[in-house]
>>> print(open('work-v7.csv').read())   # CSV, N, CA, C and O atoms
chain,number,residue,atom,x,y,z
A,1,ASP,N,79.7,1.5,127.2
A,1,ASP,CA,81.0,1.9,127.0
A,1,ASP,C,81.4,3.1,127.9
A,1,ASP,O,82.6,3.2,128.3
A,2,GLU,N,80.5,4.0,128.2
A,2,GLU,CA,80.8,5.1,129.0
A,2,GLU,C,81.3,4.7,130.4
A,2,GLU,O,82.3,5.2,130.9
A,3,LYS,N,80.6,3.8,131.0
A,3,LYS,CA,81.1,3.3,132.3
A,3,LYS,C,82.4,2.6,132.2
A,3,LYS,O,83.3,2.8,133.1
A,4,TYR,N,82.6,1.8,131.2
A,4,TYR,CA,83.9,1.1,131.0
A,4,TYR,C,85.0,2.2,131.0
A,4,TYR,O,86.0,2.0,131.7
A,5,TRP,N,84.9,3.2,130.2
A,5,TRP,CA,86.0,4.2,130.0
A,5,TRP,C,86.2,5.0,131.4
A,5,TRP,O,87.3,5.3,131.7
A,6,LYS,N,85.1,5.2,132.0
A,6,LYS,CA,85.2,6.0,133.3
A,6,LYS,C,85.9,5.1,134.3
A,6,LYS,O,86.9,5.6,135.0
A,7,TYR,N,85.6,3.9,134.5
A,7,TYR,CA,86.2,3.0,135.4
A,7,TYR,C,87.7,2.7,135.0
A,7,TYR,O,88.6,2.6,135.9
A,8,ARG,N,87.9,2.5,133.7
A,8,ARG,CA,89.3,2.3,133.3
A,8,ARG,C,90.2,3.5,133.6
A,8,ARG,O,91.3,3.3,134.1
A,9,GLU,N,89.7,4.7,133.3
A,9,GLU,CA,90.5,5.8,133.6
A,9,GLU,C,90.7,6.0,135.1
A,9,GLU,O,91.8,6.5,135.5
A,10,ASN,N,89.7,5.6,135.9
A,10,ASN,CA,89.9,5.6,137.3
A,10,ASN,C,91.0,4.8,137.8
A,10,ASN,O,91.9,5.2,138.6
A,11,LEU,N,91.1,3.6,137.2
A,11,LEU,CA,92.2,2.7,137.6
A,11,LEU,C,93.6,3.2,137.1
A,11,LEU,O,94.6,3.1,137.8
A,12,VAL,N,93.6,3.7,135.9
A,12,VAL,CA,94.8,4.2,135.3
A,12,VAL,C,95.4,5.3,136.2
A,12,VAL,O,96.6,5.4,136.5
A,13,LYS,N,94.5,6.2,136.7
A,13,LYS,CA,94.9,7.3,137.6
A,13,LYS,C,95.4,6.8,138.9
A,13,LYS,O,96.5,7.2,139.4
A,14,ALA,N,94.7,5.8,139.4
A,14,ALA,CA,95.2,5.2,140.7
A,14,ALA,C,96.6,4.5,140.5
A,14,ALA,O,97.4,4.8,141.4
A,15,PHE,N,96.8,3.8,139.5
A,15,PHE,CA,98.1,3.2,139.3
A,15,PHE,C,99.2,4.2,139.1
A,15,PHE,O,100.3,4.0,139.6
A,16,SER,N,98.9,5.3,138.4
A,16,SER,CA,99.9,6.3,138.1
A,16,SER,C,100.3,7.1,139.3
A,16,SER,O,101.3,7.7,139.3
A,17,THR,N,99.4,7.2,140.3
A,17,THR,CA,99.7,8.0,141.5
A,17,THR,C,100.0,7.1,142.7
A,17,THR,O,100.2,7.6,143.8
A,18,LEU,N,99.9,5.8,142.6
A,18,LEU,CA,100.1,4.9,143.7
A,18,LEU,C,101.5,4.9,144.3
A,18,LEU,O,102.5,5.0,143.6
A,19,ARG,N,101.5,4.9,145.6
A,19,ARG,CA,102.7,4.9,146.4
A,19,ARG,C,102.5,4.1,147.6
A,19,ARG,O,101.5,4.1,148.2
A,20,LEU,N,103.6,3.4,148.0
A,20,LEU,CA,103.6,2.6,149.2
A,20,LEU,C,103.7,3.6,150.4
A,20,LEU,O,104.5,4.5,150.4
A,21,THR,N,103.0,3.3,151.5
A,21,THR,CA,103.1,4.1,152.7
A,21,THR,C,104.1,3.5,153.6
A,21,THR,O,104.4,2.4,153.5
A,22,PRO,N,104.5,4.3,154.6
A,22,PRO,CA,105.4,3.7,155.6
A,22,PRO,C,104.8,2.4,156.3
A,22,PRO,O,105.5,1.5,156.6
A,23,GLU,N,103.5,2.4,156.5
A,23,GLU,CA,102.8,1.3,157.1
A,23,GLU,C,102.9,0.0,156.2
A,23,GLU,O,102.9,-1.1,156.6
A,24,GLY,N,103.0,0.3,154.9
A,24,GLY,CA,103.1,-0.8,153.9
A,24,GLY,C,104.4,-1.4,153.7
A,24,GLY,O,104.6,-2.5,153.2
A,25,GLN,N,105.5,-0.6,154.1
A,25,GLN,CA,106.9,-1.1,153.8
A,25,GLN,C,107.1,-2.5,154.3
A,25,GLN,O,107.7,-3.3,153.5
A,26,PRO,N,106.7,-2.9,155.5
A,26,PRO,CA,107.1,-4.2,156.0
A,26,PRO,C,106.4,-5.3,155.1
A,26,PRO,O,106.8,-6.5,155.2
A,27,HIS,N,105.3,-4.9,154.4
A,27,HIS,CA,104.6,-5.9,153.6
A,27,HIS,C,104.8,-5.7,152.1
A,27,HIS,O,103.9,-6.1,151.3
A,28,ALA,N,105.8,-5.0,151.7
A,28,ALA,CA,106.0,-4.6,150.3
A,28,ALA,C,105.9,-5.7,149.3
A,28,ALA,O,105.3,-5.5,148.2
A,29,SER,N,106.4,-6.9,149.6
A,29,SER,CA,106.4,-8.0,148.7
A,29,SER,C,105.0,-8.4,148.4
A,29,SER,O,104.6,-8.6,147.2
A,30,LYS,N,104.2,-8.6,149.4
A,30,LYS,CA,102.8,-9.1,149.3
A,30,LYS,C,101.9,-8.0,148.6
A,30,LYS,O,101.1,-8.3,147.8
A,31,ILE,N,102.2,-6.7,149.0
A,31,ILE,CA,101.5,-5.6,148.4
A,31,ILE,C,101.7,-5.6,146.9
A,31,ILE,O,100.8,-5.3,146.1
A,32,SER,N,103.0,-5.8,146.5
A,32,SER,CA,103.3,-5.8,145.1
A,32,SER,C,102.6,-6.9,144.4
A,32,SER,O,102.1,-6.7,143.2
A,33,GLU,N,102.4,-8.0,145.0
A,33,GLU,CA,101.6,-9.1,144.4
A,33,GLU,C,100.1,-8.7,144.1
A,33,GLU,O,99.6,-9.0,143.1
A,34,VAL,N,99.6,-8.0,145.1
A,34,VAL,CA,98.2,-7.6,145.0
A,34,VAL,C,98.1,-6.5,143.9
A,34,VAL,O,97.1,-6.5,143.1
A,35,ILE,N,99.0,-5.6,143.9
A,35,ILE,CA,99.0,-4.5,142.9
A,35,ILE,C,99.1,-5.2,141.5
A,35,ILE,O,98.4,-4.8,140.5
A,36,SER,N,100.0,-6.2,141.4
A,36,SER,CA,100.2,-6.9,140.1
A,36,SER,C,98.9,-7.6,139.7
A,36,SER,O,98.5,-7.5,138.5
A,37,LEU,N,98.2,-8.2,140.6
A,37,LEU,CA,96.9,-8.8,140.3
A,37,LEU,C,95.9,-7.8,139.8
A,37,LEU,O,95.1,-8.0,138.9
A,38,ALA,N,95.8,-6.6,140.5
A,38,ALA,CA,94.9,-5.6,140.1
A,38,ALA,C,95.2,-5.1,138.7
A,38,ALA,O,94.3,-4.8,137.9
A,39,GLU,N,96.5,-5.0,138.3
A,39,GLU,CA,96.9,-4.6,137.0
A,39,GLU,C,96.5,-5.7,136.0
A,39,GLU,O,96.0,-5.4,134.9
A,40,CYS,N,96.6,-6.9,136.4
A,40,CYS,CA,96.1,-8.0,135.5
A,40,CYS,C,94.6,-7.9,135.2
A,40,CYS,O,94.2,-8.1,134.1
A,41,TYR,N,93.8,-7.6,136.2
A,41,TYR,CA,92.4,-7.4,136.0
A,41,TYR,C,92.1,-6.3,135.1
A,41,TYR,O,91.2,-6.3,134.2
A,42,ARG,N,92.9,-5.2,135.1
A,42,ARG,CA,92.8,-4.1,134.2
A,42,ARG,C,93.1,-4.5,132.8
A,42,ARG,O,92.3,-4.2,131.8
A,43,LYS,N,94.1,-5.3,132.6
A,43,LYS,CA,94.5,-5.8,131.3
A,43,LYS,C,93.5,-6.7,130.8
A,43,LYS,O,93.1,-6.7,129.6
A,44,ASP,N,93.0,-7.6,131.6
A,44,ASP,CA,91.9,-8.5,131.2
A,44,ASP,C,90.7,-7.7,130.8
A,44,ASP,O,90.0,-8.1,129.8
A,45,ALA,N,90.4,-6.7,131.5
A,45,ALA,CA,89.2,-5.8,131.1
A,45,ALA,C,89.4,-5.3,129.7
A,45,ALA,O,88.4,-5.3,128.9
A,46,GLU,N,90.6,-4.9,129.3
A,46,GLU,CA,90.8,-4.4,128.0
A,46,GLU,C,90.5,-5.5,126.9
A,46,GLU,O,89.9,-5.2,125.9
A,47,HIS,N,91.0,-6.7,127.2
A,47,HIS,CA,90.8,-7.8,126.3
A,47,HIS,C,89.3,-8.1,126.2
A,47,HIS,O,88.7,-8.2,125.1
A,48,PHE,N,88.5,-8.1,127.3
A,48,PHE,CA,87.1,-8.4,127.3
A,48,PHE,C,86.4,-7.3,126.6
A,48,PHE,O,85.4,-7.6,125.8
A,49,HIS,N,86.8,-6.1,126.8
A,49,HIS,CA,86.1,-4.9,126.1
A,49,HIS,C,86.3,-5.0,124.6
A,49,HIS,O,85.3,-4.9,123.8
A,50,ARG,N,87.5,-5.4,124.1
A,50,ARG,CA,87.8,-5.5,122.7
A,50,ARG,C,87.0,-6.7,122.1
A,50,ARG,O,86.6,-6.7,121.0
A,51,SER,N,86.7,-7.7,123.0
A,51,SER,CA,85.9,-8.9,122.5
A,51,SER,C,84.4,-8.7,122.7
A,51,SER,O,83.7,-9.7,122.6
A,52,SER,N,84.0,-7.5,122.9
A,52,SER,CA,82.6,-7.1,123.1
A,52,SER,C,81.9,-7.8,124.3
A,52,SER,O,80.7,-8.1,124.3
A,53,MET,N,82.7,-8.2,125.3
A,53,MET,CA,82.2,-8.8,126.5
A,53,MET,C,82.2,-7.6,127.6
A,53,MET,O,83.0,-7.6,128.5
A,54,LYS,N,81.2,-6.7,127.4
A,54,LYS,CA,81.2,-5.5,128.1
A,54,LYS,C,81.0,-5.7,129.6
A,54,LYS,O,81.6,-5.1,130.5
A,55,VAL,N,80.1,-6.6,130.0
A,55,VAL,CA,79.8,-6.8,131.4
A,55,VAL,C,81.0,-7.4,132.1
A,55,VAL,O,81.4,-7.0,133.2
A,56,THR,N,81.7,-8.4,131.4
A,56,THR,CA,82.8,-9.0,132.0
A,56,THR,C,84.0,-8.0,132.1
A,56,THR,O,84.7,-8.0,133.1
A,57,ALA,N,84.1,-7.1,131.2
A,57,ALA,CA,85.1,-6.0,131.3
A,57,ALA,C,84.9,-5.2,132.5
A,57,ALA,O,85.8,-4.9,133.2
A,58,LEU,N,83.6,-4.8,132.7
A,58,LEU,CA,83.3,-3.9,133.9
A,58,LEU,C,83.6,-4.7,135.2
A,58,LEU,O,84.1,-4.1,136.2
A,59,ILE,N,83.3,-6.0,135.2
A,59,ILE,CA,83.5,-6.8,136.4
A,59,ILE,C,85.0,-6.8,136.7
A,59,ILE,O,85.5,-6.7,137.8
A,60,SER,N,85.8,-7.0,135.7
A,60,SER,CA,87.3,-7.1,135.8
A,60,SER,C,87.8,-5.8,136.4
A,60,SER,O,88.7,-5.8,137.3
A,61,LEU,N,87.3,-4.7,135.9
A,61,LEU,CA,87.7,-3.4,136.4
A,61,LEU,C,87.4,-3.2,137.9
A,61,LEU,O,88.1,-2.7,138.7
A,62,ALA,N,86.2,-3.7,138.2
A,62,ALA,CA,85.7,-3.6,139.6
A,62,ALA,C,86.5,-4.4,140.5
A,62,ALA,O,86.8,-4.0,141.6
A,63,TYR,N,87.0,-5.6,140.1
A,63,TYR,CA,87.9,-6.4,140.9
A,63,TYR,C,89.2,-5.7,141.2
A,63,TYR,O,89.7,-5.6,142.3
A,64,GLY,N,89.8,-5.1,140.1
A,64,GLY,CA,91.0,-4.4,140.3
A,64,GLY,C,90.9,-3.2,141.2
A,64,GLY,O,91.7,-3.0,142.1
A,65,GLU,N,89.8,-2.5,141.1
A,65,GLU,CA,89.5,-1.4,141.9
A,65,GLU,C,89.3,-1.8,143.4
A,65,GLU,O,89.8,-1.1,144.3
A,66,GLY,N,88.7,-2.9,143.6
A,66,GLY,CA,88.4,-3.4,144.9
A,66,GLY,C,89.7,-3.8,145.6
A,66,GLY,O,89.9,-3.5,146.8
A,67,LEU,N,90.7,-4.4,144.9
A,67,LEU,CA,92.0,-4.8,145.4
A,67,LEU,C,92.7,-3.5,145.9
A,67,LEU,O,93.3,-3.5,147.0
A,68,LEU,N,92.7,-2.5,145.0
A,68,LEU,CA,93.4,-1.3,145.4
A,68,LEU,C,92.8,-0.6,146.6
A,68,LEU,O,93.4,-0.1,147.5
A,69,ASP,N,91.4,-0.6,146.6
A,69,ASP,CA,90.7,0.0,147.7
A,69,ASP,C,91.0,-0.7,149.0
A,69,ASP,O,91.2,0.0,150.0
A,70,ALA,N,91.1,-2.0,149.0
A,70,ALA,CA,91.5,-2.7,150.2
A,70,ALA,C,92.8,-2.3,150.7
A,70,ALA,O,93.0,-2.1,151.9
A,71,LEU,N,93.8,-2.2,149.8
A,71,LEU,CA,95.2,-1.8,150.2
A,71,LEU,C,95.1,-0.4,150.8
A,71,LEU,O,95.8,-0.1,151.8
A,72,LYS,N,94.3,0.5,150.2
A,72,LYS,CA,94.3,1.8,150.7
A,72,LYS,C,93.6,1.9,152.1
A,72,LYS,O,94.0,2.6,153.0
A,73,ILE,N,92.5,1.1,152.3
A,73,ILE,CA,91.8,1.1,153.5
A,73,ILE,C,92.7,0.6,154.6
A,73,ILE,O,92.7,1.1,155.8
A,74,LEU,N,93.5,-0.4,154.3
A,74,LEU,CA,94.5,-0.9,155.3
A,74,LEU,C,95.6,0.0,155.6
A,74,LEU,O,96.4,-0.1,156.6
A,75,GLY,N,95.7,1.1,154.8
A,75,GLY,CA,96.8,2.1,155.0
A,75,GLY,C,98.1,1.7,154.4
A,75,GLY,O,99.1,2.4,154.7
A,76,TYR,N,98.1,0.7,153.6
A,76,TYR,CA,99.4,0.3,153.0
A,76,TYR,C,99.8,1.0,151.7
A,76,TYR,O,101.0,1.0,151.4
A,77,VAL,N,98.9,1.6,151.0
A,77,VAL,CA,99.2,2.4,149.9
A,77,VAL,C,98.4,3.7,149.9
A,77,VAL,O,97.4,3.8,150.6
A,78,ASP,N,98.8,4.6,149.1
A,78,ASP,CA,98.0,5.8,148.9
A,78,ASP,C,98.0,6.1,147.4
A,78,ASP,O,98.9,5.8,146.7
A,79,PHE,N,96.9,6.7,146.9
A,79,PHE,CA,96.8,7.0,145.5
A,79,PHE,C,95.5,7.9,145.3
A,79,PHE,O,94.8,8.1,146.2
A,80,GLU,N,95.4,8.4,144.1
A,80,GLU,CA,94.2,9.3,143.8
A,80,GLU,C,93.4,8.5,142.8
A,80,GLU,O,93.9,7.9,141.8
A,81,TRP,N,92.1,8.6,143.0
A,81,TRP,CA,91.2,8.0,142.0
A,81,TRP,C,91.0,9.0,140.8
A,81,TRP,O,91.2,10.2,141.0
A,82,GLY,N,90.6,8.6,139.7
A,82,GLY,CA,90.4,9.5,138.5
A,82,GLY,C,89.1,10.3,138.8
A,82,GLY,O,89.0,11.4,138.2
A,83,TRP,N,88.3,9.9,139.7
A,83,TRP,CA,87.1,10.7,140.1
A,83,TRP,C,86.9,10.5,141.6
A,83,TRP,O,87.4,9.5,142.1
A,84,GLU,N,86.3,11.4,142.2
A,84,GLU,CA,86.1,11.3,143.7
A,84,GLU,C,85.1,10.2,144.0
A,84,GLU,O,84.0,10.1,143.4
A,85,LYS,N,85.5,9.3,144.9
A,85,LYS,CA,84.6,8.2,145.4
A,85,LYS,C,83.8,8.8,146.6
A,85,LYS,O,84.4,9.5,147.4
A,86,PRO,N,82.6,8.4,146.8
A,86,PRO,CA,81.8,8.9,147.9
A,86,PRO,C,82.4,8.4,149.2
A,86,PRO,O,83.1,7.4,149.3
>>> encode(input="work-v7.csv", output="structure tokens")
Amino acid sequence: DEKYWKYRENLVKAFSTLRLTPEGQPHASKISEVISLAECYRKDAEHFHRSSMKVTALISLAYGEGLLDALKILGYVDFEWGWEKP
């Protein structure tokens, strides 16, 4: 449970601080699709967590985090994590 809440809050913070960068503007429509998918993974994680599917919940959060990470690495979005990543 501790890891679930840590990763969940990490994504919540990322979504709440997320902004499109100038480099991302030309790709805004596709970026929006990826962000929407990441949000779906977060919502799925909540469902799995409520259903006591703890491992699946963590995997869903990790997928969402990975999608946002990829957008950030490409320079298309910027956001803050709930905790510092190495």
>>> closest_residue(input="work-v7.csv", among="A:Leu61, A:Glu80, A:Cys40, A:Leu71", to="His27 of chain A", atoms="only C-alpha atoms")
A:Leu71
>>> closest_residue(input="work-v7.csv", among="A:Gly75, A:Gly82, A:Ser51, A:Ala38", to="Gln25 of chain A", atoms="only N, CA, C and O atoms")
A:Gly75
>>> select_by_dssp(input="work-v7.csv", residues="chain A", states="alpha helix (DSSP H)", output="VMD selection string")
chain A and resid 2 to 17 28 to 50 54 to 73
>>> closest_residue(input="work-v7.csv", among="A:Leu11, A:Trp5, A:Gly24, A:Val34", to="Tyr76 of chain A", atoms="all atoms listed in the file")
A:Gly24
>>> atom_distance(input="work-v7.csv", atom1="atom CA of Val12 of chain A", atom2="atom C of His47 of chain A")
16.3 Å
>>> atom_distance(input="work-v7.csv", atom1="atom CA of Tyr4 of chain A", atom2="atom CA of Thr56 of chain A")
10.2 Å
>>> closest_residue(input="work-v7.csv", among="A:Asp69, A:Gly64, A:Ser52, A:Ser16", to="Glu39 of chain A", atoms="only N, CA, C and O atoms")
A:Gly64
>>> residues_around(input="work-v7.csv", residues="Phe79 of chain A", least_positions_apart="3", cutoff="5 Å", atoms="only N, CA, C and O atoms", output="PyMOL selection string")
chain A and resi 14+17-18
>>> atom_distance(input="work-v7.csv", atom1="atom O of Thr21 of chain A", atom2="atom C of Leu67 of chain A")
15.1 Å
>>> select_by_dssp(input="work-v7.csv", residues="segment 12-79 of chain A", states="strand (DSSP E or B)", output="PyMOL selection string")
chain A and resi 19-20+77-78
